[in-house]
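Peer 1: For reference, the file target29.csv (CSV, C-alpha atoms and all ligand atoms) is included below:
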```csv
chain,number,residue,atom,x,y,z
N,27,MET,CA,38.3,-5.1,4.4
N,28,VAL,CA,36.5,-3.5,7.2
N,29,GLN,CA,38.1,-4.2,10.6
N,30,ASP,CA,36.1,-6.6,12.8
N,31,ALA,CA,33.9,-7.5,9.8
N,32,LEU,CA,31.7,-10.4,10.9
N,33,ILE,CA,29.0,-10.4,8.2
N,34,GLN,CA,30.1,-9.5,4.7
N,35,ILE,CA,27.5,-9.4,1.9
N,36,GLU,CA,29.2,-8.7,-1.4
N,37,ASN,CA,27.3,-7.8,-4.6
N,38,VAL,CA,24.4,-10.2,-3.8
N,39,THR,CA,21.6,-10.7,-6.2
N,40,ARG,CA,18.5,-12.9,-5.5
N,41,ALA,CA,16.1,-13.3,-8.3
N,42,TYR,CA,12.9,-15.4,-8.8
N,43,VAL,CA,11.9,-16.5,-12.3
N,44,MET,CA,8.1,-16.1,-12.5
N,45,GLY,CA,7.1,-17.5,-15.9
N,46,ALA,CA,8.3,-15.0,-18.5
N,47,ARG,CA,9.5,-12.4,-16.1
N,48,THR,CA,12.2,-12.2,-13.4
N,49,LEU,CA,11.5,-10.7,-10.0
N,50,TYR,CA,14.6,-9.2,-8.3
N,51,ALA,CA,14.2,-9.6,-4.5
N,52,LEU,CA,17.8,-8.3,-4.1
N,53,ARG,CA,19.8,-6.3,-6.6
N,54,ASP,CA,23.5,-6.1,-6.2
N,55,VAL,CA,23.4,-5.6,-2.4
N,56,SER,CA,26.6,-5.1,-0.4
N,57,LEU,CA,26.7,-4.7,3.4
N,58,THR,CA,29.3,-5.2,6.1
N,59,ILE,CA,28.3,-5.7,9.7
N,60,ARG,CA,31.0,-5.7,12.4
N,61,ALA,CA,31.0,-8.0,15.4
N,62,GLY,CA,28.9,-6.6,18.2
N,63,GLU,CA,26.8,-4.3,16.0
N,64,PHE,CA,23.0,-4.0,16.4
N,65,VAL,CA,21.7,-3.3,12.9
N,66,ALA,CA,18.1,-2.7,12.0
N,67,ILE,CA,16.9,-3.3,8.4
N,68,VAL,CA,13.9,-1.1,7.6
N,69,GLY,CA,11.9,-0.8,4.4
N,70,PRO,CA,8.4,-1.2,2.9
N,71,SER,CA,6.8,-4.6,2.3
N,72,GLY,CA,8.5,-6.4,-0.6
N,73,SER,CA,11.7,-4.4,-0.4
N,74,GLY,CA,13.8,-7.5,0.2
N,75,LYS,CA,14.4,-7.4,4.0
N,76,SER,CA,13.5,-11.0,4.8
N,77,THR,CA,15.4,-12.2,1.7
N,78,LEU,CA,18.5,-10.4,3.0
N,79,LEU,CA,18.1,-11.8,6.5
N,80,ASN,CA,17.6,-15.4,5.1
N,81,LEU,CA,20.8,-15.1,3.2
N,82,ILE,CA,22.7,-14.1,6.3
N,83,GLY,CA,21.1,-17.0,8.2
N,84,GLY,CA,22.0,-19.5,5.5
N,85,ILE,CA,18.4,-20.3,4.9
N,86,ASP,CA,18.6,-19.1,1.3
N,87,LYS,CA,21.4,-18.7,-1.2
N,88,PRO,CA,22.1,-15.8,-3.7
N,89,ASN,CA,22.1,-16.2,-7.4
N,90,ASN,CA,25.1,-14.0,-7.6
N,91,GLY,CA,27.6,-12.6,-5.1
N,92,ARG,CA,28.9,-13.9,-1.8
N,93,VAL,CA,27.8,-14.1,1.8
N,94,CYS,CA,30.8,-14.5,4.2
N,95,ILE,CA,30.5,-14.8,7.9
N,96,ALA,CA,33.5,-14.9,10.2
N,97,GLY,CA,35.6,-15.6,7.2
N,98,ILE,CA,33.5,-18.6,5.9
N,99,GLU,CA,31.8,-18.2,2.6
N,100,ILE,CA,28.4,-19.7,3.6
N,101,SER,CA,26.9,-19.1,0.2
N,102,ALA,CA,29.2,-21.9,-1.0
N,103,LEU,CA,28.5,-24.5,1.6
N,104,ASN,CA,26.4,-27.6,0.9
N,105,GLU,CA,23.1,-28.2,2.8
N,106,ASN,CA,24.7,-30.5,5.4
N,107,ALA,CA,27.6,-28.2,6.1
N,108,LEU,CA,25.2,-25.2,6.2
N,109,ALA,CA,22.9,-26.8,8.7
N,110,ARG,CA,25.8,-27.6,11.0
N,111,TRP,CA,27.2,-24.1,10.6
N,112,ARG,CA,23.8,-22.5,11.3
N,113,GLY,CA,23.5,-24.5,14.5
N,114,GLU,CA,26.7,-23.0,15.8
N,115,HIS,CA,26.6,-19.5,14.6
N,116,ILE,CA,23.0,-18.3,14.2
N,117,GLY,CA,19.9,-17.9,16.3
N,118,ILE,CA,16.7,-16.8,14.6
N,119,VAL,CA,13.4,-15.5,15.8
N,120,PHE,CA,10.3,-14.9,13.6
N,121,GLN,CA,7.1,-12.9,13.7
N,122,PHE,CA,4.9,-15.9,14.5
N,123,PHE,CA,7.3,-17.4,17.1
N,124,GLN,CA,7.3,-20.9,15.4
N,125,LEU,CA,7.3,-22.8,18.6
N,126,LEU,CA,6.3,-26.5,18.4
N,127,PRO,CA,2.7,-26.5,19.8
N,128,THR,CA,2.9,-30.0,21.5
N,129,LEU,CA,6.1,-29.2,23.4
N,130,THR,CA,6.3,-27.2,26.6
N,131,ALA,CA,8.3,-24.0,26.8
N,132,LEU,CA,11.2,-25.9,28.4
N,133,GLU,CA,11.1,-28.6,25.7
N,134,ASN,CA,11.0,-26.0,22.9
N,135,VAL,CA,14.1,-24.4,24.4
N,136,MET,CA,15.9,-27.8,24.7
N,137,LEU,CA,15.3,-28.7,21.1
N,138,PRO,CA,18.3,-27.1,19.4
N,139,MET,CA,20.6,-28.8,21.9
N,140,GLU,CA,19.0,-32.1,21.1
N,141,LEU,CA,19.5,-31.5,17.4
N,142,ARG,CA,23.1,-30.7,17.9
N,143,ASN,CA,23.5,-33.6,20.4
N,144,VAL,CA,25.4,-31.5,22.9
N,145,PHE,CA,25.5,-31.4,26.6
N,146,PRO,CA,23.3,-34.4,27.1
N,147,ASN,CA,23.7,-34.3,30.9
N,148,ASN,CA,22.7,-30.7,31.7
N,149,ARG,CA,20.3,-29.8,28.9
N,150,ARG,CA,17.4,-29.3,31.2
N,151,ALA,CA,19.4,-27.1,33.6
N,152,ARG,CA,20.7,-25.0,30.7
N,153,ALA,CA,17.2,-24.6,29.2
N,154,MET,CA,15.8,-23.5,32.6
N,155,ASP,CA,18.7,-21.0,32.9
N,156,ALA,CA,17.8,-19.6,29.5
N,157,LEU,CA,14.1,-19.3,30.4
N,158,ALA,CA,15.1,-17.6,33.6
N,159,ARG,CA,17.1,-15.0,31.6
N,160,VAL,CA,14.0,-14.1,29.7
N,161,GLY,CA,11.9,-14.0,32.9
N,162,LEU,CA,9.9,-17.2,32.2
N,163,GLN,CA,11.2,-19.7,34.8
N,164,ASP,CA,7.7,-20.0,36.2
N,165,HIS,CA,6.2,-20.9,32.8
N,166,ALA,CA,8.6,-23.6,31.9
N,167,HIS,CA,6.0,-26.4,31.8
N,168,GLN,CA,3.3,-24.6,30.0
N,169,LEU,CA,2.4,-25.2,26.3
N,170,PRO,CA,2.8,-22.3,23.8
N,171,SER,CA,-1.1,-22.1,23.6
N,172,GLU,CA,-1.1,-21.3,27.4
N,173,LEU,CA,1.3,-18.4,27.0
N,174,SER,CA,0.8,-14.8,25.8
N,175,GLY,CA,2.3,-13.6,22.5
N,176,GLY,CA,5.1,-11.8,24.3
N,177,GLU,CA,5.8,-14.9,26.5
N,178,GLN,CA,5.9,-17.1,23.4
N,179,GLN,CA,8.4,-14.7,21.7
N,180,ARG,CA,10.6,-14.7,24.8
N,181,VAL,CA,10.6,-18.6,24.7
N,182,ALA,CA,11.6,-18.3,21.0
N,183,ILE,CA,14.4,-16.0,21.9
N,184,ALA,CA,15.6,-18.3,24.7
N,185,ARG,CA,15.5,-21.2,22.1
N,186,ALA,CA,17.4,-19.1,19.6
N,187,LEU,CA,20.2,-18.4,22.1
N,188,ILE,CA,20.4,-21.8,23.8
N,189,ASN,CA,23.5,-22.9,21.8
N,190,ASP,CA,25.1,-19.5,22.5
N,191,PRO,CA,25.4,-18.3,18.8
N,192,PRO,CA,27.3,-15.1,18.2
N,193,ILE,CA,24.6,-13.8,15.8
N,194,LEU,CA,20.9,-13.3,16.5
N,195,LEU,CA,18.6,-12.6,13.5
N,196,ALA,CA,15.1,-11.4,14.0
N,197,ASP,CA,12.4,-11.0,11.3
N,198,GLU,CA,9.6,-8.7,12.5
N,199,PRO,CA,9.9,-10.2,16.0
N,200,THR,CA,7.4,-7.7,17.4
N,201,GLY,CA,5.0,-7.7,14.4
N,202,ASN,CA,2.5,-9.8,16.2
N,203,LEU,CA,2.8,-8.1,19.6
N,204,ASP,CA,1.2,-5.1,21.3
N,205,THR,CA,3.2,-1.9,21.9
N,206,GLN,CA,4.1,-2.6,25.6
N,207,THR,CA,5.1,-6.2,24.9
N,208,SER,CA,7.1,-5.1,21.9
N,209,GLU,CA,9.0,-2.7,24.2
N,210,GLN,CA,9.9,-5.6,26.5
N,211,VAL,CA,11.2,-7.7,23.6
N,212,LEU,CA,13.2,-4.8,22.2
N,213,GLN,CA,14.7,-4.2,25.7
N,214,LEU,CA,15.8,-7.9,25.7
N,215,PHE,CA,17.5,-7.3,22.3
N,216,SER,CA,19.3,-4.2,23.8
N,217,GLU,CA,20.5,-6.3,26.8
N,218,LEU,CA,21.8,-9.0,24.4
N,219,HIS,CA,23.5,-6.4,22.4
N,220,ARG,CA,25.2,-5.0,25.5
N,221,ALA,CA,26.2,-8.6,26.4
N,222,GLY,CA,28.1,-8.8,23.1
N,223,LYS,CA,25.7,-10.4,20.6
N,224,THR,CA,25.6,-9.2,17.0
N,225,ILE,CA,22.0,-8.6,16.2
N,226,VAL,CA,20.2,-8.0,12.8
N,227,LEU,CA,16.6,-6.9,13.3
N,228,VAL,CA,14.2,-6.6,10.3
N,229,THR,CA,11.2,-4.4,10.8
N,230,HIS,CA,9.0,-2.2,8.7
N,231,GLU,CA,8.2,0.0,11.7
N,232,GLN,CA,10.9,2.6,11.9
N,233,PRO,CA,10.3,3.5,15.6
N,234,LEU,CA,11.3,0.0,16.5
N,235,ALA,CA,14.6,0.5,14.9
N,236,ARG,CA,15.7,3.1,17.4
N,237,ALA,CA,17.0,0.4,19.7
N,238,ALA,CA,19.6,-0.4,17.1
N,239,SER,CA,23.0,1.3,16.7
N,240,ARG,CA,22.7,1.4,13.0
N,241,ILE,CA,19.7,1.5,10.6
N,242,VAL,CA,19.9,0.3,7.0
N,243,PHE,CA,17.0,1.4,4.7
N,244,MET,CA,15.9,-0.8,1.8
N,245,ARG,CA,13.7,-0.2,-1.2
N,246,ASP,CA,13.0,-2.3,-4.3
N,247,GLY,CA,15.7,-4.8,-3.5
N,248,ARG,CA,18.5,-2.3,-2.8
N,249,ILE,CA,20.0,-0.6,0.2
N,250,VAL,CA,19.1,3.1,-0.3
N,251,SER,CA,20.5,4.8,2.8
N,252,GLU,CA,21.9,4.3,6.3
N,253,GLU,CA,21.7,6.1,9.6
V,301,LIG,N1,9.8,-17.7,-2.9
V,301,LIG,C1,9.5,-16.6,-3.6
V,301,LIG,N2,9.1,-16.6,-4.9
V,301,LIG,C2,8.9,-15.5,-5.6
V,301,LIG,N3,9.0,-14.3,-5.2
V,301,LIG,C3,9.5,-14.1,-3.9
V,301,LIG,C4,9.7,-15.3,-3.1
V,301,LIG,N4,10.2,-14.8,-1.9
V,301,LIG,C5,10.2,-13.4,-2.0
V,301,LIG,N5,9.7,-13.0,-3.2
V,301,LIG,C6,9.6,-11.7,-3.6
V,301,LIG,O1,10.8,-11.0,-3.4
V,301,LIG,C7,10.5,-9.6,-2.9
V,301,LIG,C8,11.1,-9.4,-1.6
V,301,LIG,O2,10.5,-10.2,-0.6
V,301,LIG,P1,10.9,-10.1,0.9
V,301,LIG,O3,10.1,-11.2,1.6
V,301,LIG,O4,12.3,-10.2,1.1
V,301,LIG,O5,10.3,-8.7,1.3
V,301,LIG,P2,10.2,-8.0,2.7
V,301,LIG,O6,10.9,-6.7,2.7
V,301,LIG,O7,10.6,-9.0,3.8
V,301,LIG,O8,8.6,-7.7,2.9
V,301,LIG,P3,7.6,-7.8,4.1
V,301,LIG,O9,7.9,-6.5,4.9
V,301,LIG,O10,6.3,-7.8,3.5
V,301,LIG,O11,8.0,-9.0,4.9
V,301,LIG,C9,9.0,-9.5,-2.9
V,301,LIG,O12,8.6,-8.9,-4.1
V,301,LIG,C10,8.5,-10.9,-2.9
V,301,LIG,O13,7.3,-11.1,-3.5
V,302,MG,MG,9.6,-10.0,5.3
```
When written as structure tokens, how does the structure in this file appear?
Peer 2:
Amino acid sequence: MVQDALIQIENVTRAYVMGARTLYALRDVSLTIRAGEFVAIVGPSGSGKSTLLNLIGGIDKPNNGRVCIAGIEISALNENALARWRGEHIGIVFQFFQLLPTLTALENVMLPMELRNVFPNNRRARAMDALARVGLQDHAHQLPSELSGGEQQRVAIARALINDPPILLADEPTGNLDTQTSEQVLQLFSELHRAGKTIVLVTHEQPLARAASRIVFMRDGRIVSEE
């Protein structure tokens, strides 16, 4: 076992049966990520990056193999246990932000606390703090439609971190942003990495991966190399 192993993916296969043929999104993939690493997963479209990230986040399950995080085999948990586990351990951000359009920035950030029913007394203050940390304290009461793409992604990052999960997962988080805004978001990831978060970032743009301390290259459902 690798020392400090936080995320352990062991011989994982994820296949989709499409009529008469089977499509392998992941083929016998193994990967170990240590606590505090910032890992970028890079590869062409269809190579299995999102599938791998979703297995780490407990959004999807493998057909074969195991996904263990902090010693817990999450690939063996039932849906309820998995949802609870996810709320404590994982923050996720996506390419299209996925903020709720009728809620303000502040309300979006408060949502995961409400779902977990924690800290009922100081949720607002905690959410304001989280928005301040991503530089958006002055936009707390605006709707997503009143924010720029970069601002929306920063709200999504604040929301992902509000329950202080040790692991932050990001699937093409800058895919919908201009170059300058992408840089700001990546800088935020670097700061979070320095602050001790374990980060897994999926991107098909290799230049974006340079913020990471380790780059894993995928192709056709396999890990083909590492840097
Ligand atoms: N629900 C599904 N049903 C059938 N096939 C799927 C499903 N989800 C993913 N796949 C297939 O699995 C393969 C890997 O998909 P995945 O989304 O992981 O790729 P990706 O590397 O994230 O690509 P992109 O860069 O385009 O986001 C693709 O061939 C895809 O078509
Ligand atoms: Mg993808």
Peer 1: Compute the set of protein, DNA and RNA residues whose minimum atom distance to ligand LIG 301 (chain V) is at most 12 Å, using all atoms listed in the file, and state it as a PyMOL selection string.
Peer 2: chain N and resi 39-45+47-53+67-81+85-87+120-121+196-199+201+227-232+243-249
Peer 1: Suppose we keep C-alpha atoms; can you now write the selection as a CSV table (one decimal), in the coordinates of the input?
Peer 2:
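Once written, again_8.csv looks like this:
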```csv
chain,number,residue,atom,x,y,z
N,39,THR,CA,21.6,-10.7,-6.2
N,40,ARG,CA,18.5,-12.9,-5.5
N,41,ALA,CA,16.1,-13.3,-8.3
N,42,TYR,CA,12.9,-15.4,-8.8
N,43,VAL,CA,11.9,-16.5,-12.3
N,44,MET,CA,8.1,-16.1,-12.5
N,45,GLY,CA,7.1,-17.5,-15.9
N,47,ARG,CA,9.5,-12.4,-16.1
N,48,THR,CA,12.2,-12.2,-13.4
N,49,LEU,CA,11.5,-10.7,-10.0
N,50,TYR,CA,14.6,-9.2,-8.3
N,51,ALA,CA,14.2,-9.6,-4.5
N,52,LEU,CA,17.8,-8.3,-4.1
N,53,ARG,CA,19.8,-6.3,-6.6
N,67,ILE,CA,16.9,-3.3,8.4
N,68,VAL,CA,13.9,-1.1,7.6
N,69,GLY,CA,11.9,-0.8,4.4
N,70,PRO,CA,8.4,-1.2,2.9
N,71,SER,CA,6.8,-4.6,2.3
N,72,GLY,CA,8.5,-6.4,-0.6
N,73,SER,CA,11.7,-4.4,-0.4
N,74,GLY,CA,13.8,-7.5,0.2
N,75,LYS,CA,14.4,-7.4,4.0
N,76,SER,CA,13.5,-11.0,4.8
N,77,THR,CA,15.4,-12.2,1.7
N,78,LEU,CA,18.5,-10.4,3.0
N,79,LEU,CA,18.1,-11.8,6.5
N,80,ASN,CA,17.6,-15.4,5.1
N,81,LEU,CA,20.8,-15.1,3.2
N,85,ILE,CA,18.4,-20.3,4.9
N,86,ASP,CA,18.6,-19.1,1.3
N,87,LYS,CA,21.4,-18.7,-1.2
N,120,PHE,CA,10.3,-14.9,13.6
N,121,GLN,CA,7.1,-12.9,13.7
N,196,ALA,CA,15.1,-11.4,14.0
N,197,ASP,CA,12.4,-11.0,11.3
N,198,GLU,CA,9.6,-8.7,12.5
N,199,PRO,CA,9.9,-10.2,16.0
N,201,GLY,CA,5.0,-7.7,14.4
N,227,LEU,CA,16.6,-6.9,13.3
N,228,VAL,CA,14.2,-6.6,10.3
N,229,THR,CA,11.2,-4.4,10.8
N,230,HIS,CA,9.0,-2.2,8.7
N,231,GLU,CA,8.2,0.0,11.7
N,232,GLN,CA,10.9,2.6,11.9
N,243,PHE,CA,17.0,1.4,4.7
N,244,MET,CA,15.9,-0.8,1.8
N,245,ARG,CA,13.7,-0.2,-1.2
N,246,ASP,CA,13.0,-2.3,-4.3
N,247,GLY,CA,15.7,-4.8,-3.5
N,248,ARG,CA,18.5,-2.3,-2.8
N,249,ILE,CA,20.0,-0.6,0.2
```
Peer 1: Any idea what's packed within 9 Å of Gly176 in chain N, counting all atoms listed in the file, ignoring anything in its chain fewer than 6 positions away? Could you give it as an mmCIF file with C-alpha atoms, in the frame of the given file?
Peer 2:
```cif
data_model
loop_
_atom_site.group_PDB
_atom_site.id
_atom_site.type_symbol
_atom_site.label_atom_id
_atom_site.label_comp_id
_atom_site.auth_asym_id
_atom_site.auth_seq_id
_atom_site.Cartn_x
_atom_site.Cartn_y
_atom_site.Cartn_z
ATOM 1 C CA THR N 200 7.400 -7.700 17.400
ATOM 2 C CA ASN N 202 2.500 -9.800 16.200
ATOM 3 C CA LEU N 203 2.800 -8.100 19.600
ATOM 4 C CA ASP N 204 1.200 -5.100 21.300
ATOM 5 C CA THR N 207 5.100 -6.200 24.900
ATOM 6 C CA SER N 208 7.100 -5.100 21.900
ATOM 7 C CA GLN N 210 9.900 -5.600 26.500
ATOM 8 C CA VAL N 211 11.200 -7.700 23.600
#
```
Peer 1: Using Å and a single decimal, report how far CA of Ile241 in chain N sits from CA of Val65 in chain N.
Peer 2: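 Pair CA of Val65 in chain N / CA of Ile241 in chain N returns 5.7 Å.
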Peer 1: Would you mind reading off the distance between CA of Leu162 in chain N and CA of Ala235 in chain N, one decimal, in Å?
Peer 2: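 Between CA of Leu162 in chain N and CA of Ala235 in chain N the gap works out to 25.2 Å.
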Peer 1: If you count only C-alpha atoms, which residues fall within 8 Å of range 99-112 of chain N, apart from same-chain ones fewer than 2 positions away, as a PyMOL selection string?
Peer 2: chain N and resi 81+83-84+87-88+92-95+97+114-117
Peer 1: For the atom pair CA of Gly161 in chain N and CA of Arg240 in chain N, what is the interatomic distance in Å to one decimal place?
Peer 2: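 Rounded to one decimal, the two atoms are 27.4 Å apart.
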Peer 1: Would you please work out which residue, of N:Leu141, N:Phe122, N:Leu214, N:Asn90, is nearest to ligand MG 302 (chain V) when using all atoms listed in the file?
Peer 2: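 The closest residue to ligand MG 302 (chain V) is N:Phe122.
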Peer 1: Counting all atoms listed in the file, which of N:Leu173, N:Ala158, N:Thr224, N:Glu217 gets nearest to Ala61 in chain N?
Peer 2: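 Closest to Ala61 in chain N of all the choices is N:Thr224.
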Peer 1: Quick one: of N:Thr130, N:Gln179, N:Gln206, N:Ser56, who's nearest to His165 in chain N, counting only C-alpha atoms?
Peer 2: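 Among the listed residues, N:Thr130 lies closest to His165 in chain N.
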Peer 1: Name the closest residue to Leu125 in chain N among the candidates N:Ala238, N:Ile33, N:Ile188, N:Val181; distances are taken between atoms, counting all atoms listed in the file.
Peer 2: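 Checking each of N:Ala238, N:Ile33, N:Ile188, N:Val181 against Leu125 in chain N, counting all atoms listed in the file, the winner is N:Val181.
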Peer 1: If we count only C-alpha atoms and set the cut-off at 12 Å, which residues sit around Asp164 in chain N, ignoring sequence neighbours fewer than 3 positions away in its own chain? Please answer as number ranges by chain.
Peer 2: N: 131-132, 154-155, 157-161, 167-168, 173, 177, 181
Peer 1: Taking (21.2, -12.9, 17.0) in the file's own coordinates, collect the residues within 8 Å, counting only C-alpha atoms, and hand them back as a PDB file with C-alpha atoms, keeping the file's coordinate frame.
Peer 2:
```pdb
ATOM      1  CA  ILE N 116      23.000 -18.300  14.200  1.00  0.00           C
ATOM      2  CA  GLY N 117      19.900 -17.900  16.300  1.00  0.00           C
ATOM      3  CA  ILE N 118      16.700 -16.800  14.600  1.00  0.00           C
ATOM      4  CA  ALA N 186      17.400 -19.100  19.600  1.00  0.00           C
ATOM      5  CA  LEU N 187      20.200 -18.400  22.100  1.00  0.00           C
ATOM      6  CA  PRO N 191      25.400 -18.300  18.800  1.00  0.00           C
ATOM      7  CA  PRO N 192      27.300 -15.100  18.200  1.00  0.00           C
ATOM      8  CA  ILE N 193      24.600 -13.800  15.800  1.00  0.00           C
ATOM      9  CA  LEU N 194      20.900 -13.300  16.500  1.00  0.00           C
ATOM     10  CA  LEU N 195      18.600 -12.600  13.500  1.00  0.00           C
ATOM     11  CA  ALA N 196      15.100 -11.400  14.000  1.00  0.00           C
ATOM     12  CA  LYS N 223      25.700 -10.400  20.600  1.00  0.00           C
ATOM     13  CA  THR N 224      25.600  -9.200  17.000  1.00  0.00           C
ATOM     14  CA  ILE N 225      22.000  -8.600  16.200  1.00  0.00           C
ATOM     15  CA  VAL N 226      20.200  -8.000  12.800  1.00  0.00           C
TER      16      VAL N 226
END
```
Peer 1: Taking into account only C-alpha atoms, which residue in the set N:Phe64, N:Val242, N:Gly222, N:Asn89 is nearest to Asn37 in chain N?
Peer 2: N:Asn89
